[in-house]
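**Q** Here you go, this is protein.cif (mmCIF, C-alpha atoms).
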data_target
loop_
_atom_site.label_atom_id
_atom_site.label_comp_id
_atom_site.auth_asym_id
_atom_site.auth_seq_id
_atom_site.Cartn_x
_atom_site.Cartn_y
_atom_site.Cartn_z
CA MET L 7 33.13 -6.33 -9.48
CA MET L 8 31.53 -3.58 -7.43
CA TYR L 9 32.71 -1.71 -4.33
CA GLY L 10 35.62 -4.13 -4.07
CA PHE L 11 33.30 -7.15 -4.04
CA THR L 12 33.75 -9.87 -6.61
CA TRP L 13 31.21 -12.46 -7.57
CA ASP L 14 31.30 -15.97 -8.78
CA THR L 15 28.61 -16.82 -11.33
CA ALA L 16 29.59 -20.48 -11.65
CA THR L 17 26.40 -21.82 -10.10
CA PRO L 18 23.34 -19.96 -8.82
CA LEU L 19 24.24 -20.90 -5.26
CA THR L 20 27.81 -19.59 -5.31
CA TYR L 21 26.53 -16.52 -7.15
CA ALA L 22 23.94 -15.88 -4.45
CA TRP L 23 26.52 -16.38 -1.71
CA SER L 24 29.01 -14.02 -3.32
CA ILE L 25 26.54 -11.16 -3.78
CA LEU L 26 24.91 -11.56 -0.37
CA PRO L 27 27.24 -8.99 1.32
CA ILE L 28 26.29 -6.35 -1.26
CA ILE L 29 22.58 -7.05 -0.91
CA LEU L 30 22.89 -6.83 2.87
CA ILE L 31 24.46 -3.36 2.56
CA GLY L 32 21.36 -2.46 0.57
CA LEU L 33 19.20 -3.95 3.33
CA THR L 34 20.64 -1.51 5.88
CA VAL L 35 19.81 1.40 3.54
CA THR L 36 16.29 0.02 3.07
CA LEU L 37 15.76 -0.26 6.82
CA LYS L 38 17.22 3.19 7.50
CA ALA L 39 14.97 4.77 4.85
CA ALA L 40 11.92 3.02 6.31
CA ALA L 41 12.87 4.08 9.85
CA ALA L 42 13.41 7.72 8.84
CA GLY L 43 10.23 7.76 6.78
CA PHE L 44 8.21 6.23 9.56
CA ALA L 45 9.51 8.73 12.11
CA ILE L 46 8.38 11.55 9.81
CA ALA L 47 5.01 9.85 9.27
CA LEU L 48 4.44 9.44 13.02
CA VAL L 49 5.11 13.11 13.80
CA LEU L 50 3.45 14.60 10.73
CA GLY L 51 0.44 12.31 11.09
CA LEU L 52 -0.14 13.54 14.63
CA VAL L 53 0.14 17.15 13.46
CA PHE L 54 -2.39 16.49 10.69
CA ALA L 55 -4.75 14.71 13.10
CA MET L 56 -4.67 17.61 15.55
CA LEU L 57 -5.04 20.26 12.84
CA ARG L 58 -7.99 18.33 11.53
CA ARG L 59 -9.68 18.68 14.92
CA SER L 60 -9.03 22.40 14.97
CA ARG L 61 -11.86 24.68 16.04
CA PHE L 62 -11.35 26.77 12.92
CA ARG L 63 -13.31 25.39 10.02
CA SER L 64 -10.82 26.66 7.43
CA VAL L 65 -7.88 24.89 9.10
CA SER L 66 -9.63 21.55 9.54
CA TRP L 67 -11.05 21.63 6.03
CA THR L 68 -7.72 22.48 4.40
CA THR L 69 -6.01 19.73 6.38
CA ALA L 70 -8.64 17.23 5.31
CA CYS L 71 -8.05 18.16 1.66
CA VAL L 72 -4.26 17.90 1.97
CA VAL L 73 -4.50 14.51 3.65
CA GLU L 74 -6.93 13.24 1.03
CA PHE L 75 -4.65 14.46 -1.76
CA LEU L 76 -1.57 12.83 -0.23
CA ARG L 77 -3.47 9.60 0.23
CA ASP L 78 -4.95 9.38 -3.25
CA THR L 79 -1.86 10.10 -5.36
CA PRO L 80 0.94 7.63 -6.07
CA LEU L 81 4.10 7.60 -3.99
CA LEU L 82 6.21 7.39 -7.15
CA VAL L 83 4.87 10.68 -8.54
CA GLN L 84 5.16 12.40 -5.15
CA LEU L 85 8.74 11.18 -5.06
CA PHE L 86 9.52 12.62 -8.50
CA PHE L 87 7.79 15.85 -7.52
CA LEU L 88 9.95 16.29 -4.42
CA TYR L 89 13.10 15.14 -6.16
CA TYR L 90 12.82 17.50 -9.13
CA VAL L 91 10.77 20.41 -7.80
CA LEU L 92 12.36 21.07 -4.38
CA PRO L 93 15.77 21.98 -5.88
CA GLU L 94 14.04 24.55 -8.09
CA TYR L 95 13.07 26.38 -4.91
CA GLY L 96 16.55 26.13 -3.49
CA VAL L 97 15.95 23.11 -1.24
CA THR L 98 18.60 20.58 -2.21
CA LEU L 99 18.37 17.41 -0.14
CA PRO L 100 20.33 14.21 -0.56
CA ALA L 101 18.33 11.54 -2.41
CA PHE L 102 18.01 9.50 0.77
CA LEU L 103 16.35 12.35 2.68
CA THR L 104 14.06 13.19 -0.26
CA GLY L 105 13.00 9.55 -0.32
CA ALA L 106 12.41 9.42 3.42
CA LEU L 107 10.41 12.65 3.18
CA ALA L 108 8.23 11.27 0.38
CA LEU L 109 7.59 8.05 2.31
CA GLY L 110 6.82 10.08 5.42
CA LEU L 111 4.44 12.41 3.60
CA GLN L 112 2.48 9.62 1.98
CA TYR L 113 2.22 7.60 5.17
CA SER L 114 1.41 10.62 7.33
CA ALA L 115 -1.93 10.61 5.52
CA TYR L 116 -2.50 7.06 6.73
CA THR L 117 -1.18 7.59 10.26
CA SER L 118 -3.26 10.74 10.71
CA GLU L 119 -6.38 8.62 10.15
CA VAL L 120 -5.15 6.13 12.74
CA TYR L 121 -4.55 8.91 15.26
CA ARG L 122 -7.94 10.40 14.46
CA GLY L 123 -9.67 7.08 15.07
CA GLY L 124 -7.81 6.74 18.36
CA ILE L 125 -8.58 10.28 19.50
CA GLU L 126 -12.24 9.96 18.62
CA ALA L 127 -12.47 6.80 20.69
CA VAL L 128 -11.67 8.75 23.86
CA PRO L 129 -15.07 9.08 25.57
CA ARG L 130 -16.65 12.54 25.58
CA GLY L 131 -16.82 12.51 29.36
CA GLN L 132 -13.04 12.57 29.59
CA TRP L 133 -12.79 15.67 27.42
CA GLU L 134 -15.42 17.33 29.60
CA ALA L 135 -13.61 16.23 32.75
CA ALA L 136 -10.39 17.71 31.36
CA THR L 137 -12.20 20.98 30.71
CA ALA L 138 -13.69 20.87 34.21
CA LEU L 139 -10.18 20.43 35.65
CA ASN L 140 -9.10 23.48 33.69
CA LEU L 141 -6.48 21.59 31.68
CA THR L 142 -5.21 23.29 28.56
CA ARG L 143 -5.69 21.61 25.21
CA MET L 144 -2.00 20.67 25.15
CA GLN L 145 -2.20 19.13 28.63
CA THR L 146 -5.31 17.22 27.68
CA TYR L 147 -3.58 15.67 24.71
CA ARG L 148 -0.33 14.98 26.53
CA ASP L 149 -1.67 13.61 29.81
CA ILE L 150 -5.10 12.21 28.97
CA VAL L 151 -5.45 11.36 25.29
CA VAL L 152 -2.07 10.16 24.05
CA PRO L 153 -1.30 7.69 26.90
CA GLN L 154 -4.68 6.05 26.36
CA ILE L 155 -4.58 5.79 22.59
CA VAL L 156 -1.05 4.37 22.35
CA PRO L 157 -2.02 0.71 22.96
CA ARG L 158 -5.03 1.14 20.74
CA ILE L 159 -3.19 2.48 17.71
CA LEU L 160 0.02 0.44 17.97
CA PRO L 161 -1.19 -2.55 15.89
CA ALA L 162 -2.41 -0.32 13.05
CA MET L 163 0.82 1.68 13.13
CA GLY L 164 2.80 -1.54 13.02
CA ASN L 165 0.92 -2.64 9.92
CA TYR L 166 1.74 0.63 8.21
CA MET L 167 5.39 0.25 9.16
CA VAL L 168 5.53 -3.13 7.48
CA ALA L 169 3.78 -1.68 4.45
CA MET L 170 6.32 1.13 4.34
CA ILE L 171 9.27 -1.26 4.41
CA LYS L 172 7.79 -2.93 1.35
CA GLU L 173 7.48 0.40 -0.47
CA THR L 174 11.09 1.49 0.02
CA PRO L 175 12.33 -0.17 -3.22
CA VAL L 176 10.58 2.68 -5.04
CA LEU L 177 13.33 4.97 -3.71
CA SER L 178 15.78 3.20 -6.01
CA VAL L 179 14.39 5.28 -8.92
CA ILE L 180 15.82 8.46 -7.39
CA THR L 181 19.27 6.86 -7.03
CA VAL L 182 18.96 5.72 -3.41
CA LEU L 183 21.20 2.64 -3.24
CA ASP L 184 18.82 0.28 -1.50
CA MET L 185 18.55 -3.48 -1.97
CA MET L 186 16.58 -3.10 -5.17
CA ALA L 187 19.03 -0.66 -6.75
CA LEU L 188 22.01 -2.85 -5.89
CA ALA L 189 20.30 -5.99 -7.17
CA ASN L 190 19.57 -4.18 -10.43
CA MET L 191 23.15 -3.00 -10.73
CA ILE L 192 24.44 -6.51 -10.22
CA GLY L 193 21.93 -7.72 -12.79
CA GLU L 194 23.07 -5.13 -15.32
CA ARG L 195 26.68 -6.22 -14.96
CA THR L 196 26.23 -9.96 -14.98
CA PHE L 197 23.14 -10.16 -17.25
CA GLU L 198 21.72 -12.47 -14.62
CA TYR L 199 18.77 -10.89 -12.85
CA LEU L 200 17.06 -14.00 -11.59
CA VAL L 201 19.29 -14.65 -8.57
CA PRO L 202 19.68 -11.10 -7.21
CA LEU L 203 16.00 -10.22 -7.66
CA THR L 204 14.88 -13.48 -6.10
CA MET L 205 17.18 -12.81 -3.15
CA VAL L 206 15.69 -9.35 -2.66
CA GLY L 207 12.22 -10.85 -2.78
CA LEU L 208 13.15 -13.53 -0.26
CA ILE L 209 14.71 -11.01 2.12
CA PHE L 210 11.54 -8.91 1.96
CA LEU L 211 9.46 -12.00 2.62
CA ILE L 212 11.56 -12.96 5.65
CA LEU L 213 11.49 -9.37 6.89
CA THR L 214 7.71 -9.06 6.68
CA LEU L 215 7.14 -12.49 8.20
CA ILE L 216 9.33 -11.53 11.18
CA CYS L 217 7.56 -8.18 11.52
CA SER L 218 4.10 -9.78 11.36
CA ALA L 219 5.08 -12.32 14.00
CA GLY L 220 6.43 -9.50 16.17
CA LEU L 221 3.21 -7.52 15.75
CA HIS L 222 1.18 -10.56 16.66
CA ARG L 223 3.13 -10.94 19.88
CA LEU L 224 2.89 -7.23 20.59
CA GLN L 225 -0.87 -7.41 20.37
CA LYS L 226 -0.86 -10.13 23.02
CA VAL L 227 1.25 -8.23 25.55
CA LEU L 228 -0.46 -4.87 25.07
CA PRO L 229 -2.49 -3.74 28.05
CA LYS L 230 -6.19 -4.17 27.56
CA ALA L 231 -6.94 -1.45 30.14
CA GLY L 232 -7.96 2.05 29.23
CA ILE L 233 -9.96 2.32 26.06
CA PRO L 234 -11.03 -1.17 25.12
CA LEU L 235 -9.48 -2.53 21.95
CA ARG L 236 -12.03 -3.38 19.37
CA MET Q 28 0.48 28.63 -20.43
CA GLN Q 29 3.01 26.06 -21.37
CA TRP Q 30 1.29 23.34 -19.45
CA VAL Q 31 -1.69 23.24 -21.81
CA SER Q 32 0.59 21.67 -24.40
CA TYR Q 33 1.28 18.71 -22.07
CA LEU Q 34 -2.36 17.78 -21.79
CA PRO Q 35 -2.81 15.61 -24.93
CA SER Q 36 0.16 13.41 -24.08
CA LEU Q 37 -0.77 13.18 -20.41
CA ALA Q 38 -4.35 12.32 -21.33
CA GLN Q 39 -3.11 9.44 -23.48
CA GLY Q 40 -1.04 8.25 -20.54
CA ALA Q 41 -4.04 8.56 -18.25
CA LEU Q 42 -5.99 6.27 -20.60
CA VAL Q 43 -3.26 3.63 -20.34
CA THR Q 44 -3.24 4.02 -16.55
CA ALA Q 45 -7.03 3.64 -16.45
CA TRP Q 46 -6.94 0.55 -18.66
CA ILE Q 47 -4.19 -1.14 -16.64
CA THR Q 48 -5.89 -0.28 -13.35
CA LEU Q 49 -9.30 -1.57 -14.42
CA ALA Q 50 -7.87 -4.76 -15.91
CA ALA Q 51 -5.82 -5.38 -12.77
CA ILE Q 52 -8.84 -4.75 -10.55
CA ALA Q 53 -10.98 -7.18 -12.57
CA ILE Q 54 -8.40 -9.98 -12.64
CA GLY Q 55 -7.34 -9.21 -9.08
CA ALA Q 56 -10.92 -9.47 -7.81
CA LEU Q 57 -11.25 -12.85 -9.48
CA LEU Q 58 -8.00 -14.04 -7.88
CA ALA Q 59 -9.10 -12.61 -4.54
CA PHE Q 60 -12.34 -14.59 -4.57
CA VAL Q 61 -10.66 -17.80 -5.70
CA ALA Q 62 -7.90 -17.54 -3.09
CA GLY Q 63 -10.16 -16.21 -0.33
CA ILE Q 64 -12.76 -18.93 -0.78
CA ALA Q 65 -10.01 -21.54 -1.06
CA ARG Q 66 -8.64 -20.36 2.28
CA VAL Q 67 -12.01 -20.79 4.00
CA GLU Q 68 -13.60 -23.71 2.17
CA GLY Q 69 -10.70 -25.60 0.65
CA GLY Q 70 -9.18 -28.74 2.06
CA ARG Q 71 -5.78 -28.66 3.71
CA ILE Q 72 -3.77 -28.72 0.49
CA VAL Q 73 -5.87 -26.17 -1.37
CA SER Q 74 -5.99 -23.72 1.53
CA THR Q 75 -2.24 -24.06 2.11
CA LEU Q 76 -1.62 -23.29 -1.55
CA ALA Q 77 -3.85 -20.23 -1.29
CA LEU Q 78 -2.05 -19.17 1.89
CA CYS Q 79 1.32 -19.48 0.13
CA TYR Q 80 0.11 -17.33 -2.74
CA THR Q 81 -1.24 -14.69 -0.37
CA GLU Q 82 1.88 -14.54 1.79
CA LEU Q 83 4.23 -14.55 -1.18
CA PHE Q 84 2.59 -11.61 -2.89
CA ARG Q 85 1.75 -9.67 0.26
CA GLY Q 86 5.16 -10.24 1.78
CA THR Q 87 7.31 -8.99 -1.08
CA SER Q 88 7.35 -5.58 -2.60
CA LEU Q 89 5.39 -4.86 -5.79
CA LEU Q 90 8.42 -3.31 -7.48
CA VAL Q 91 10.45 -6.46 -6.79
CA GLN Q 92 7.65 -8.55 -8.25
CA LEU Q 93 7.43 -6.36 -11.34
CA PHE Q 94 11.15 -6.48 -12.00
CA TRP Q 95 11.22 -10.17 -11.28
CA PHE Q 96 8.56 -10.87 -13.88
CA TYR Q 97 10.04 -8.37 -16.31
CA TYR Q 98 13.78 -9.04 -16.07
CA ALA Q 99 14.20 -12.40 -14.37
CA LEU Q 100 11.47 -14.61 -15.83
CA PRO Q 101 12.54 -14.13 -19.47
CA LEU Q 102 15.92 -15.60 -18.50
CA ILE Q 103 14.22 -18.92 -17.86
CA GLY Q 104 12.24 -18.64 -21.06
CA ILE Q 105 8.97 -17.12 -19.90
CA SER Q 106 8.17 -13.68 -21.20
CA PHE Q 107 5.13 -11.53 -21.86
CA GLU Q 108 4.50 -8.15 -23.38
CA PRO Q 109 5.28 -5.32 -20.94
CA VAL Q 110 1.60 -4.34 -20.63
CA ALA Q 111 0.58 -7.94 -19.99
CA THR Q 112 3.35 -8.28 -17.40
CA GLY Q 113 2.22 -5.07 -15.71
CA ILE Q 114 -1.43 -6.09 -15.54
CA LEU Q 115 -0.60 -9.65 -14.45
CA VAL Q 116 1.76 -8.63 -11.63
CA LEU Q 117 -0.52 -5.84 -10.42
CA ALA Q 118 -3.47 -8.26 -10.44
CA LEU Q 119 -1.51 -10.94 -8.56
CA HIS Q 120 -0.43 -8.33 -6.01
CA VAL Q 121 -3.84 -6.80 -5.29
CA GLY Q 122 -5.47 -10.22 -5.57
CA ALA Q 123 -3.38 -11.36 -2.61
CA TYR Q 124 -4.53 -8.38 -0.55
CA GLY Q 125 -8.10 -8.88 -1.74
CA SER Q 126 -8.10 -12.54 -0.72
CA GLU Q 127 -7.57 -11.45 2.89
CA ILE Q 128 -10.60 -9.17 2.58
CA VAL Q 129 -12.71 -12.01 1.17
CA ARG Q 130 -11.51 -14.40 3.87
CA GLY Q 131 -12.21 -11.90 6.65
CA ALA Q 132 -15.67 -11.09 5.35
CA LEU Q 133 -16.59 -14.77 4.94
CA ALA Q 134 -15.39 -15.43 8.48
CA SER Q 135 -17.49 -12.55 9.81
CA VAL Q 136 -20.78 -14.10 8.64
CA SER Q 137 -22.37 -15.45 11.80
CA VAL Q 138 -22.19 -19.16 12.51
CA GLN Q 139 -25.94 -19.37 12.98
CA GLN Q 140 -26.41 -18.58 9.31
CA VAL Q 141 -24.29 -21.57 8.34
CA GLU Q 142 -26.02 -23.75 10.91
CA ALA Q 143 -29.41 -22.71 9.62
CA ALA Q 144 -28.31 -23.57 6.09
CA ARG Q 145 -27.13 -26.96 7.36
CA ALA Q 146 -30.49 -27.50 9.06
CA LEU Q 147 -32.21 -26.76 5.76
CA ASN Q 148 -30.02 -29.43 4.17
CA PHE Q 149 -28.10 -27.00 1.94
CA GLY Q 150 -24.91 -28.36 0.45
CA ARG Q 151 -21.61 -26.62 1.09
CA TRP Q 152 -21.54 -24.95 -2.30
CA HIS Q 153 -25.17 -23.98 -2.02
CA THR Q 154 -24.55 -22.46 1.43
CA LEU Q 155 -21.60 -20.50 0.09
CA VAL Q 156 -23.32 -19.11 -2.98
CA HIS Q 157 -26.74 -18.41 -1.52
CA VAL Q 158 -26.11 -17.71 2.18
CA THR Q 159 -22.62 -16.64 3.17
CA LEU Q 160 -21.24 -15.00 0.05
CA PRO Q 161 -24.12 -12.55 -0.55
CA GLN Q 162 -23.83 -11.33 3.05
CA ALA Q 163 -20.05 -11.23 2.98
CA LEU Q 164 -20.07 -9.30 -0.27
CA ILE Q 165 -21.65 -6.25 1.37
CA GLU Q 166 -19.04 -6.39 4.12
CA MET Q 167 -16.21 -6.55 1.60
CA LEU Q 168 -17.18 -3.58 -0.54
CA PRO Q 169 -15.71 -0.71 1.53
CA ALA Q 170 -12.37 -2.53 1.82
CA PHE Q 171 -12.43 -3.33 -1.89
CA GLY Q 172 -13.00 0.37 -2.57
CA ASN Q 173 -9.79 1.22 -0.73
CA LEU Q 174 -7.97 -1.54 -2.57
CA ALA Q 175 -9.16 -0.15 -5.91
CA ILE Q 176 -7.62 3.24 -5.07
CA GLU Q 177 -4.47 1.45 -3.94
CA THR Q 178 -4.36 -0.35 -7.31
CA LEU Q 179 -4.58 2.94 -9.16
CA LYS Q 180 -1.71 4.36 -7.11
CA LEU Q 181 0.43 1.24 -7.48
CA SER Q 182 -0.19 1.18 -11.23
CA SER Q 183 2.24 4.12 -11.48
CA LEU Q 184 5.06 1.61 -10.89
CA VAL Q 185 4.46 -0.02 -14.28
CA SER Q 186 6.06 3.08 -15.81
CA LEU Q 187 9.36 1.60 -14.58
CA ILE Q 188 8.97 -1.38 -16.90
CA SER Q 189 8.62 0.91 -19.91
CA ILE Q 190 4.83 1.11 -20.14
CA ALA Q 191 3.73 4.55 -21.36
CA ASP Q 192 1.27 5.28 -18.56
CA LEU Q 193 0.60 8.67 -16.96
CA THR Q 194 3.78 8.64 -14.85
CA PHE Q 195 5.92 7.56 -17.81
CA ARG Q 196 4.52 10.37 -19.97
CA ALA Q 197 5.14 12.86 -17.18
CA GLN Q 198 8.75 11.69 -16.94
CA SER Q 199 9.33 12.05 -20.67
CA ILE Q 200 7.73 15.50 -20.82
CA ARG Q 201 9.84 16.62 -17.88
CA ASN Q 202 12.99 15.36 -19.56
CA LEU Q 203 12.10 17.44 -22.63
CA THR Q 204 10.88 20.65 -21.02
CA LEU Q 205 12.56 20.58 -17.57
CA ASP Q 206 9.34 22.13 -16.23
CA SER Q 207 9.15 19.79 -13.23
CA ALA Q 208 6.66 21.75 -11.15
CA GLY Q 209 4.10 22.09 -13.93
CA VAL Q 210 4.30 18.53 -15.22
CA TYR Q 211 4.23 16.80 -11.86
CA THR Q 212 1.50 19.03 -10.46
CA LEU Q 213 -0.67 18.17 -13.46
CA THR Q 214 0.14 14.49 -13.04
CA LEU Q 215 -0.72 14.49 -9.34
CA VAL Q 216 -3.99 16.28 -10.06
CA GLY Q 217 -4.71 13.71 -12.79
CA TYR Q 218 -4.22 10.81 -10.41
CA PHE Q 219 -6.28 12.56 -7.75
CA ALA Q 220 -9.15 13.08 -10.19
CA MET Q 221 -9.04 9.44 -11.24
CA SER Q 222 -9.06 8.39 -7.56
CA LEU Q 223 -12.12 10.53 -6.92
CA VAL Q 224 -13.95 9.00 -9.88
CA LEU Q 225 -13.02 5.50 -8.73
CA MET Q 226 -14.18 6.33 -5.21
CA MET Q 227 -17.54 7.61 -6.45
CA VAL Q 228 -18.07 4.48 -8.57
CA MET Q 229 -17.28 2.25 -5.58
CA ARG Q 230 -19.70 4.22 -3.36
CA LEU Q 231 -22.40 3.77 -6.00
CA ILE Q 232 -21.79 0.02 -6.18
CA GLU Q 233 -21.90 -0.12 -2.39
CA ARG Q 234 -25.24 1.69 -2.30
CA LEU Q 235 -26.71 -0.59 -4.95
CA ALA Q 236 -25.49 -3.70 -3.13
CA ARG Q 237 -26.84 -2.53 0.21
CA ARG Q 238 -30.26 -1.82 -1.25
CA GLY Q 239 -30.85 -5.48 -2.01
CA ALA Q 240 -29.79 -6.71 1.42
CA ALA Q 241 -32.49 -8.44 3.42
CA PHE Q 242 -30.87 -7.54 6.74
CA PRO Q 243 -28.92 -4.36 6.19
CA ARG Q 244 -26.13 -4.11 8.70
CA ALA Q 245 -24.67 -0.95 10.15
CA ALA Q 246 -23.68 1.33 7.31
CA HIS Q 247 -20.14 1.90 8.56
CA SER Q 248 -18.43 -1.32 9.43
#
Rewrite the structure from the file as structure tokens, please.
**A**
Amino acid sequence: MMYGFTWDTATPLTYAWSILPIILIGLTVTLKAAAAGFAIALVLGLVFAMLRRSRFRSVSWTTACVVEFLRDTPLLVQLFFLYYVLPEYGVTLPAFLTGALALGLQYSAYTSEVYRGGIEAVPRGQWEAATALNLTRMQTYRDIVVPQIVPRILPAMGNYMVAMIKETPVLSVITVLDMMALANMIGERTFEYLVPLTMVGLIFLILTLICSAGLHRLQKVLPKAGIPLR
Amino acid sequence: MQWVSYLPSLAQGALVTAWITLAAIAIGALLAFVAGIARVEGGRIVSTLALCYTELFRGTSLLVQLFWFYYALPLIGISFEPVATGILVLALHVGAYGSEIVRGALASVSVQQVEAARALNFGRWHTLVHVTLPQALIEMLPAFGNLAIETLKLSSLVSLISIADLTFRAQSIRNLTLDSAGVYTLTLVGYFAMSLVLMMVMRLIERLARRGAAFPRAAHS
């Protein structure tokens, strides 16, 4: 028994059916963590991409190093770092937020590269035209660059979102009660891991298949105008 | 200078990480070629099987796969050593991603090349080994480089199935000393250094491979 749910281990099928509600609670946590993490990655990635294009050598170089470091070190260790080190400096976040932050940090390294690729694809002439029209840097980004790169970067961003959903089970090691954590808890109590873990795997498979199909459709309806898609 | 005392243990862990990563890359590359070539060249049954493998291991999370092989499989009588489980699952996982790279690169070889091979009366196997694969190989290398780094990063998850790799050692040292900042900073730097080495090796392989190409393509593709 857990959270008022009971399970029936008579046959694998009844077992699976009886623990489905618990696993689905975990699914909502998984999706929320991925959504929060991805929001952080989208914003932070853009910040990194713009800092990287800074006119000051020191700023762009430091940003490049930070991004490279975030990208080349494991999410799990970054997660432990945030989880154990932040409280030492007085920042105590709930495990869920720490997890979302770690996901966001790691993926901001990836998204910043996507933004950078998109920004660099804007033809030089447009930047010069923006300068000629006396637009500020902020206006250039907001009115010229971003609207044009959105259709171009959406597919890549979508891929990273799917990848992030698949990485959320790692958060279970810092006590976030996602699908994986709940499946493990059920396994510990019933000594029967096969069914819960298989269910988690199947749900991930269904989730990613749906997301890939959605992305495929998205790519078809995206406008081809503006910067041509490769 | 407390952190100096962590180094011997962390270095041992780093060796385990390196061993698991390299073994997984080697086996994973083999799986990637088998599955990727099966997708392109195989008949309907073989290519469907390869597709199922790819989707299954790309579509589910690595941690789920690890726990499944570690906790669930022994219940139906199949069990391996933890290290073998770690290497096997990691290899299956990156092999699935690699097979997409192999498939994409094989598909990107121009049709004329295949037609020319046909005109010269090359068999299918002969065409693959001597015409398409050598050209596709150069295309694959940059993507395989990224995948190698990804393997190194993902290998940290094997610490959760009780393998004493770098992350596992870091966890145990932290539990003893409670010096989180020092231990984890060292660990992150260790992984970063290993990534840089891996990256340099992959660049070197890429350069060597490109040197032998009869028709070098654009360097960045």
**Q** Name the residues captured by the PyMOL selection byres ((chain Q and resi 232) around 12) when it is applied to the shown file; answer as a list of chain:residue names.
**A**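 That expression, the PyMOL selection byres ((chain Q and resi 232) around 12), corresponds here to Q:Leu164, Q:Ile165, Q:Met167, Q:Leu168, Q:Pro169, Q:Phe171, Q:Gly172, Q:Leu225, Q:Met226, Q:Met227, Q:Val228, Q:Met229, Q:Arg230, Q:Leu231, Q:Glu233, Q:Arg234, Q:Leu235, Q:Ala236, Q:Arg237, Q:Arg238, Q:Gly239.
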**Q** Using only C-alpha atoms, what table do you get, as a tab-separated table, when you list each residue of stretch 128-194 of chain L with an atom no more than 12 Å from stretch 70-91 of chain L, its nearest pair of atoms, and their distance in Å rounded to one decimal, rows by chain then rising number?
**A**
residue	atom	partner	partner_atom	distance
L:Met170	CA	L:Leu81	CA	10.8
L:Glu173	CA	L:Leu81	CA	8.7
L:Thr174	CA	L:Leu81	CA	10.1
L:Pro175	CA	L:Leu82	CA	10.5
L:Val176	CA	L:Leu82	CA	6.8
L:Leu177	CA	L:Leu85	CA	7.8
L:Ser178	CA	L:Leu82	CA	10.5
L:Val179	CA	L:Leu82	CA	8.6
L:Ile180	CA	L:Tyr89	CA	7.3
L:Thr181	CA	L:Tyr89	CA	10.4
L:Val182	CA	L:Tyr89	CA	11.4
**Q** So, counting only C-alpha atoms, which residue among L:Leu224, L:Leu208, L:Ala45, L:Met56 is closest to L:Val151?
**A**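 Closest to L:Val151, using only C-alpha atoms: L:Met56.
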**Q** Taking the file as shown, find all residues satisfying the PyMOL selection byres ((chain L and resi 111-114) around 7) and write them as a PDB file with C-alpha atoms, keeping the file's coordinate frame.
**A**
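part12.pdb written:
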ATOM      1  CA  ALA L  47       5.010   9.850   9.270  1.00  0.00           C
ATOM      2  CA  LEU L  48       4.440   9.440  13.020  1.00  0.00           C
ATOM      3  CA  LEU L  50       3.450  14.600  10.730  1.00  0.00           C
ATOM      4  CA  GLY L  51       0.440  12.310  11.090  1.00  0.00           C
ATOM      5  CA  LEU L  76      -1.570  12.830  -0.230  1.00  0.00           C
ATOM      6  CA  ARG L  77      -3.470   9.600   0.230  1.00  0.00           C
ATOM      7  CA  LEU L  81       4.100   7.600  -3.990  1.00  0.00           C
ATOM      8  CA  LEU L 107      10.410  12.650   3.180  1.00  0.00           C
ATOM      9  CA  ALA L 108       8.230  11.270   0.380  1.00  0.00           C
ATOM     10  CA  LEU L 109       7.590   8.050   2.310  1.00  0.00           C
ATOM     11  CA  GLY L 110       6.820  10.080   5.420  1.00  0.00           C
ATOM     12  CA  ALA L 115      -1.930  10.610   5.520  1.00  0.00           C
ATOM     13  CA  TYR L 116      -2.500   7.060   6.730  1.00  0.00           C
ATOM     14  CA  THR L 117      -1.180   7.590  10.260  1.00  0.00           C
ATOM     15  CA  SER L 118      -3.260  10.740  10.710  1.00  0.00           C
TER      16      SER L 118
END
**Q** Fewer than 3 positions away in the same chain doesn't count, so skip those; otherwise give me all residues within 12 Å of L:Thr34, counting only C-alpha atoms, as an MDAnalysis selection string.
**A** chainID L and resid 27:31 37:41 171 174 182:186 188 209
**Q** Kindly indicate which residue among L:Leu92, L:Val35, L:Ala127, L:Ile155 lies nearest to chain Q, using all atoms listed in the file for the distances.
**A**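 Of L:Leu92, L:Val35, L:Ala127, L:Ile155, the one nearest chain Q is L:Leu92, counting all atoms listed in the file.
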**Q** At a cut-off of 12 Å, using all atoms listed in the file, what residues contact Q:Val129? Leave out same-chain residues fewer than 4 positions from it and give the result as a PyMOL selection string.
**A** chain Q and resi 55-68+81+122-125+133-136+159-171
**Q** Please return, as a list in words, all residues of chain Q lying within 7 Å of chain L when all atoms listed in the file are considered.
**A**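 Here is what falls inside 7 Å: Leu83, Gly86, Thr87, Ser88, Leu90, Val91, Trp95, Tyr98, Ala99, Ile176, Lys180, Leu181, Ser183, Leu184, Thr194, Ser207, Ala208, Tyr211, Leu215, Tyr218, Phe219 and Ser222 of chain Q.
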**Q** In Å, rounded to a single decimal, give me how far atom CA of Q:Ser36 is from atom CA of Q:Thr212.
**A**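 These two atoms are separated by 14.8 Å.
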**Q** Written as a list in words, what is the full residue list that the PyMOL selection byres ((chain L and resi 120) around 9) yields on the file shown?
**A** Gly51, Ala55, Tyr116, Thr117, Ser118, Glu119, Tyr121, Arg122, Gly123, Gly124, Ile125, Ile159, Ala162 and Met163 of chain L
**Q** Could you jot down the atom CA of Q:Gln140 to atom CA of Q:Thr154 separation for me, Å, one decimal place?
**A**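 Atom CA of Q:Thr154 lies at a distance of 9.0 Å from atom CA of Q:Gln140.
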**Q** In Å, rounded to a single decimal, give me how far atom CA of Q:Leu100 is from atom CA of L:Ala187.
**A**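 Distance between the two atoms: 18.3 Å.
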